[in-house]
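K.L.:
Supplied in structure tokens, the structure appears directly below.
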Amino acid sequence: VPENMSTKTVNVYQIVKKAAEIFDLPVPKIVISNTILPNAAASGPNPKRGVVLVTTGLLVQLEDDEILSVVGHEFSHLNGRDPLVLFALTASEYLFRVYLSYFFWPFFMAFGYLYLLFALSLVYFIAKFFESRADLESAVKIGQPQVMAEALRKIGFRKLQFERVPAYRVQGWIGWDPHPPIYFRISRLEKLKTPEKVKHPLIQSIKDNVRGLLAALR
């Protein structure tokens, strides 16, 4: 009923512009998707031709500083040219698979499924490095790791319920999802008391992801 409705105004352009200034990048094209699911994404071959997508679900559920942290995460992807890197990675795997199936057909017929399972799991595990780095870079440049953690808690609260089951935690690491488990990302940010001391976000993220996987396997 009308008396129970509320409205919220978010200046998305100003938030994206602020993130662009922090990352010293041009303001990308902004796409608003009228979707209830809270999400954001970035695409484009380089920062000058970048696109940042934000859903209305994210704008409704998050506060402005949380939206800024999430947008900062996406700017890290643009700054690192992650969409292009991941495209090259998946294309290389596909070409290698075609080469393998053409020249080693008996091997591929016998072990093709196992190869596909291993190769795609590896590709998605490598993709987790870039997602973790984006979390770190957003926390370092914007300086609000706790805010970023709270934003992730709101975005991924349903996944957090599943991740309470130990078996699901392992699946979150080896499954075909480019994002690390939400519990890992939140815990990592909450422990980040001095983000300015992080000098090599990608190297640190690789180490943290390997430790996270090993901890889930115990």
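How things are named: the first chain in the structure tokens is A, the next is B, and so on; residues count from 1 in each chain; ligands count from 1 in the order shown.
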DSSP says helix (DSSP H, G or I) for which residues of stretch 31-212 of chain A? Put them as a PyMOL selection string?

P.N.:
chain A and resi 47-49+56-61+64-79+82-103+105-142+145-155+157-162+166-174+182-190+195-197+201-212

K.L.:
Could you list, as a PyMOL selection string, every residue within 12 Å of A:Val170, counting only C-alpha atoms and ignoring same-chain residues fewer than 5 positions away?

P.N.:
chain A and resi 162-165+175-176+180-181+183-184+212-218

K.L.:
Show me, as a ChimeraX atom specification, the residues that have an atom within 12 Å of A:Leu25 when counting only C-alpha atoms, minus same-chain residues fewer than 4 positions from it.

P.N.:
/A:16-21,46-50,72,74-80

K.L.:
Would you output that residue set with C-alpha atoms, as an mmCIF file, in the first residue's frame?

P.N.:
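The file below, selection_22.cif, is the result:
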```cif
data_model
loop_
_atom_site.group_PDB
_atom_site.id
_atom_site.type_symbol
_atom_site.label_atom_id
_atom_site.label_comp_id
_atom_site.auth_asym_id
_atom_site.auth_seq_id
_atom_site.Cartn_x
_atom_site.Cartn_y
_atom_site.Cartn_z
ATOM 1 C CA VAL A 16 31.301 6.280 -9.819
ATOM 2 C CA LYS A 17 33.044 9.598 -10.465
ATOM 3 C CA LYS A 18 34.489 9.581 -6.948
ATOM 4 C CA ALA A 19 35.794 6.038 -7.431
ATOM 5 C CA ALA A 20 37.297 7.080 -10.774
ATOM 6 C CA GLU A 21 39.131 9.961 -9.093
ATOM 7 C CA ASN A 46 40.850 -1.156 -21.001
ATOM 8 C CA PRO A 47 39.849 1.592 -18.540
ATOM 9 C CA LYS A 48 39.100 4.115 -21.308
ATOM 10 C CA ARG A 49 36.530 1.764 -22.840
ATOM 11 C CA GLY A 50 35.242 0.383 -19.579
ATOM 12 C CA GLY A 72 35.967 0.452 -6.226
ATOM 13 C CA GLU A 74 34.943 -3.030 -10.134
ATOM 14 C CA PHE A 75 37.427 -0.244 -10.876
ATOM 15 C CA SER A 76 40.201 -2.563 -9.757
ATOM 16 C CA HIS A 77 39.070 -4.998 -12.452
ATOM 17 C CA LEU A 78 39.173 -2.240 -15.059
ATOM 18 C CA ASN A 79 42.538 -0.967 -13.862
ATOM 19 C CA GLY A 80 44.040 -4.460 -14.009
#
```

K.L.:
Need to verify the contact set: A:Ile126, 9 Å, only C-alpha atoms, exclusion of same-chain residues closer than 4 positions in sequence. Can you return it as a PyMOL selection string?

P.N.:
chain A and resi 86+121-122+130+178+206

K.L.:
From the list A:Ile203, A:Leu136, A:Leu95, A:Leu37, which residue is nearest A:Ser69 when using only C-alpha atoms?

P.N.:
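The closest residue to A:Ser69 is A:Leu136.
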